[in-house]
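**Student:** Shown below is the structure under consideration.
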Amino acid sequence: MMVFRPVAALMALATLPAMASGADDVAALRAELQALKSDYDARVDALEARIRQLEASAQASADAAEALATAPPAAPAPAPGGDVGDKASAFNPAISLILGGNFTGTSRDPAGWHIAGFPPAGDEAGPGGRSFNLGESELTFTASIDPYFSGVLTAAITADNEIEVEEAYFRTTALADGVTLKGGRFFSGFGYLNEVHAHAWDFVDQPLVYQAMFGGQYRQEGLQVKWLAPTDLFLEFGAETGNGASYPATRLEKNGFNGATLFAHAGGDIGEFASWRAGVSWLTQKAEGREGGIEDAEGVPLFEQFSGDSDTWVIDGVLKWAPTPRRQLKLQAEYMRRRESGEIADSTGLVLADDYRNTSSGWYLQSVYQFAPRWRVGARYDALDSGTPSYLLAPPDLIGANPDRFSVMLDWNPSEFSRLRAQYDWDDARDEAESDRIWRIQYVYGIGAHGAHKY
Amino acid sequence: MKKLIRVLALSLAAAASLPANAALKVLATTPDWGALAQELGGDRVNVYVATTALQDVHRVEARPSLEARARSADLVVATGAELEVGWLPVLIQESGNAKIQRGARGYFEAASALSLLEVPSQVDRAMGDIHPYGNPHVHLDPHNIRAVAHALTARLSQLDPGQAAYYASRAQEFDARWDGAIRAWEGKAAPLKGVKVVILHRDQVYLCQWLGLVEVASIEPKPGVPPTAAYLGTLVGRLTTTPPKLILLNAYNDPKAANWLAERMHVPAVVLPFSVGGSDRAKDLFGLFDDTLDKLLAALK
């Protein structure tokens, strides 16, 4: 008996958790049953609703039949279901296509357009040619890849009959805790406008500061990691690195990657009708034999190639106020400051100086007001400071350029998918006595899948 | 040292067990689904509503504040059927929150519990803002609310199984009150049956179907396309043969065209709350339908 007591106690102990888990099981079963019941109720409701609708439509069609007794019979309804093979297209990605173009007039020869004091910013900068111009036709494919990733391709078909991969990237959808990873070719997440596609801009072109400092928009092949903080205030932090494939960076003759981009954004609501977002970003990159140099006041290039470090700070802010669904005021500004230091060389690669240093900066402020459901009016001011390059052998009479520009625009949006815009610029990008007066009429049409836009 | 470790372990355990006791964070796209989630979830849910009754849910921006809420939401309650297509996909995609991705348990579409009206047999944008999956403005038929309530209860119980009994009892209680209210509303609304109305946008279709109101025209020539003066002129001509008794519009609509037509046709233009919060009386779902019916009946007199 004495021997059995501990055994019995042990057995009792062993059954305790079993009993407890038994109670848990009952609760779980009960919960499952409840869920089943609710689900069942929902289905019954759906069926009831269906029946009511069928009754209503039967009544309606009976009425219609009475009214249209003499009308010719309608075309036979397609057979329900269809081939099983048809469903292969069900996984096709969402496709959208943007058509754009403009009509341009300029008071000065657009071939001579450049931004004074800055290296040539690439083909996409400037007002483009006179008369009719075809913009980029943007073709976007988007879909979930599987439960873990989604994919995006945006191809731009240019007016020169070339297909350019604007963006092509994958993005994670299944990571937890606010982390998203993106890889491939994509527009960098710094600032505000860099990620925005051309069709969603509020003016025909990018602000001068984007054209001068990034040749339009900065993108490279690389990786981005973004983290959204678990707070009611919007707080986003991101880091990127890549191959440095576009201006101001270049690809490097080594393994690994070129530089890094860090950005942080905060945002929220102000009362019921206003919202804001502000951010600060930092890009640090390297250039090796980057072509394109600065010209002096006479148009003589100081150098043709640059190799060294390029660091850029960007501060951005947006404020939107929408007192009714039909009116909205948007205020937006960005400031950029870049410091470059390194070696400059002539076109043959002969080093002219190894102590080259320059700090350039620029900003824009723009406001767009939607004053009627389909109408918006906007104004923008751009200003740049090229800085004055300093190196031992620099010509003593170098002075920086201060290009600027003022633009106004009016656009009409018959629907979410079409936009016609008129824009007029007083353009002093050349920083010369005579400013260029540019006017443009632009159309932007979207067809295909309904796009969703970021803030 | 041991003490410190024990304290740390205890506090870690406490932190880990917190989510089990914390209320579910619900992000509702409209005030109506927000109100419903509150009715069903009681103090077990923490509801944030993305829009107000004075906004057009088609055209809402993916504001940073909404992105922050999507980031920490346990459940998104949306209408679906492309109503929120312009902004909700961006929020979900940028949220970095696996729980609320499409296909996950934390993503709920009201339309999935319903069969929609006006499912087009073919779609083309030349027809205006039409929705390929049917008319998504489902909430103005209280029978739809009832069906969505059941589906939502099931979803809440799946997400928070420990509280399934609580949700079930709340759902039962809501059901009883809602069924009673529907009977009362339907009794009261008898005079509205067969009344000819002009609607503004196709977002009043479910209300008309429920009450038996006969829609003789809509002020928008095509969904989402505002009327021109010329169109309104021909509309007046067309309506003289089938004169409407009421013109319906919503709190968030631009009243100009409806008021102009009302003056021309000598019939009242009734501003309905449309959503919870659309009028002083529409404080919850019951108030929404009470106020809607009373406004319609008052205008008919």
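Each chain in the structure tokens gets a letter, A, B, ..., in the order shown, and its residues are numbered from 1; ligands are numbered from 1 in order too.
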For Ala159 in chain A, please output as a ChimeraX atom specification all residues within 9 Å (counting only C-alpha atoms; exclusion window: fewer than 4 positions along the same chain).
**Tutor:** /A:133-137
**Student:** List the spatial neighbours of range 121-138 of chain B as number ranges by chain - criterion: any atom at most 6 Å away, only C-alpha atoms, same-chain residues fewer than 6 positions off excluded.
**Tutor:** B: 81, 83, 203, 222-224
**Student:** Which is closer to chain B than all the others in A:Leu352, A:Ala274, A:Leu233, A:Val300, using only C-alpha atoms?
**Tutor:**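 Of the candidates, the smallest distance to chain B is held by A:Leu233.
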**Student:** Out of A:Arg405, A:Arg277, A:Arg337, A:Lys286, which residue has the shortest atom-to-atom distance to chain B when counting only C-alpha atoms?
**Tutor:**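 Closest candidate: A:Arg277.
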**Student:** Applying 10 Å and only C-alpha atoms, which residues near Asp109 in chain A remain after dropping the ones on its own chain fewer than 4 positions away? List them as number ranges by chain.
**Tutor:** A: 105, 113, 129-130, 436
**Student:** Hey, can you spit out that residue selection with N, CA and C atoms as a short mmCIF file (atom, residue, chain, number, x, y, z; two decimals), in the first residue's frame?
**Tutor:**
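Once everything was written out, this is result-v8.cif:
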```
data_model
loop_
_atom_site.label_atom_id
_atom_site.label_comp_id
_atom_site.auth_asym_id
_atom_site.auth_seq_id
_atom_site.Cartn_x
_atom_site.Cartn_y
_atom_site.Cartn_z
N GLY A 105 6.28 74.76 -77.29
CA GLY A 105 6.82 75.94 -77.95
C GLY A 105 7.83 76.59 -77.02
N TRP A 113 19.58 74.23 -74.56
CA TRP A 113 19.13 74.21 -73.17
C TRP A 113 20.12 73.42 -72.31
N GLY A 129 11.94 68.72 -77.60
CA GLY A 129 11.86 69.43 -78.88
C GLY A 129 10.63 70.28 -79.02
N ARG A 130 10.63 71.12 -80.09
CA ARG A 130 9.46 71.94 -80.38
C ARG A 130 8.40 71.11 -81.10
N ASP A 436 14.15 81.82 -71.14
CA ASP A 436 13.43 81.05 -72.15
C ASP A 436 11.97 80.96 -71.69
#
```
**Student:** Enumerate, as a PyMOL selection string, the complete set of residues in range 78-187 of chain B that a backbone-based DSSP assignment places in helix (DSSP H, G or I).
**Tutor:** chain B and resi 88-94+98-100+110-113+125-127+138-140+142-159+161-187
**Student:** Among range 57-93 of chain B, which ones does DSSP assign to strand (DSSP E or B) (computed from the backbone)? Answer as a count of residues only.
**Tutor:** 5
**Student:** With only C-alpha atoms as the basis for distance, which of A:Glu272, A:Glu253, A:Asp202, A:Glu138 is at the shortest distance from Val368 in chain A?
**Tutor:**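 Once distances to Val368 in chain A are computed over only C-alpha atoms, the minimum belongs to A:Asp202.
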**Student:** Name all residues at most 8 Å from range 34-50 of chain B (count only C-alpha atoms; drop same-chain ones fewer than 6 positions away) and give them as a compact mmCIF listing (two decimals) with N, CA and C atoms, in the first residue's frame.
**Tutor:**
```txt
# COMPACT_ATOMS: atom_id res chain seq x y z
N ALA B 22 -4.63 41.50 -25.59
CA ALA B 22 -4.89 42.80 -26.18
C ALA B 22 -6.07 42.72 -27.14
N ALA B 23 -6.75 43.85 -27.29
CA ALA B 23 -7.89 43.91 -28.21
C ALA B 23 -7.38 43.80 -29.64
N LEU B 24 -8.20 43.23 -30.53
CA LEU B 24 -7.87 43.15 -31.95
C LEU B 24 -7.88 44.55 -32.55
N LYS B 25 -6.84 44.86 -33.32
CA LYS B 25 -6.83 46.16 -33.99
C LYS B 25 -7.49 46.03 -35.35
N VAL B 26 -8.60 46.73 -35.52
CA VAL B 26 -9.37 46.62 -36.76
C VAL B 26 -9.25 47.93 -37.53
N LEU B 27 -8.90 47.84 -38.82
CA LEU B 27 -8.90 49.00 -39.70
C LEU B 27 -10.08 48.84 -40.66
N ALA B 28 -11.10 49.68 -40.48
CA ALA B 28 -12.30 49.60 -41.33
C ALA B 28 -12.21 50.69 -42.38
N LEU B 66 -2.97 56.44 -42.44
CA LEU B 66 -3.62 55.16 -42.73
C LEU B 66 -2.59 54.05 -42.88
N ARG B 69 -1.69 52.85 -39.54
CA ARG B 69 -2.73 51.97 -38.95
C ARG B 69 -2.72 50.60 -39.61
N VAL B 77 -11.19 45.52 -42.49
CA VAL B 77 -12.55 45.26 -42.93
C VAL B 77 -12.86 46.22 -44.07
N ALA B 149 -22.49 40.78 -41.07
CA ALA B 149 -22.28 40.62 -39.63
C ALA B 149 -21.94 39.17 -39.31
N LEU B 152 -18.48 38.35 -40.61
CA LEU B 152 -17.46 39.06 -39.82
C LEU B 152 -17.28 38.41 -38.44
N THR B 153 -18.40 37.95 -37.87
CA THR B 153 -18.31 37.26 -36.58
C THR B 153 -17.45 36.01 -36.71
N LEU B 156 -13.85 37.13 -36.86
CA LEU B 156 -13.33 37.56 -35.56
C LEU B 156 -13.02 36.35 -34.69
N TYR B 167 -17.79 36.70 -28.98
CA TYR B 167 -18.26 37.23 -30.26
C TYR B 167 -19.61 36.64 -30.64
N ARG B 170 -22.34 38.30 -28.64
CA ARG B 170 -22.59 39.67 -29.12
C ARG B 170 -23.31 39.64 -30.46
N ALA B 171 -22.90 38.68 -31.33
CA ALA B 171 -23.53 38.58 -32.64
C ALA B 171 -25.00 38.22 -32.49
N PHE B 174 -26.82 41.25 -31.34
CA PHE B 174 -26.94 42.22 -32.43
C PHE B 174 -27.99 41.74 -33.43
N VAL B 276 -22.64 56.04 -41.62
CA VAL B 276 -22.63 56.40 -40.21
C VAL B 276 -21.80 57.68 -40.06
N ASP B 284 -24.88 55.55 -35.27
CA ASP B 284 -24.49 54.15 -35.46
C ASP B 284 -25.35 53.58 -36.58
N LEU B 285 -25.24 52.27 -36.80
CA LEU B 285 -25.96 51.67 -37.94
C LEU B 285 -27.47 51.81 -37.79
```
**Student:** Report the distance between CA of Glu61 in chain B and CA of Glu94 in chain B in Å, rounded to one decimal place.
**Tutor:**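 If I compute the distance from CA of Glu61 in chain B to CA of Glu94 in chain B, I get 13.5 Å.
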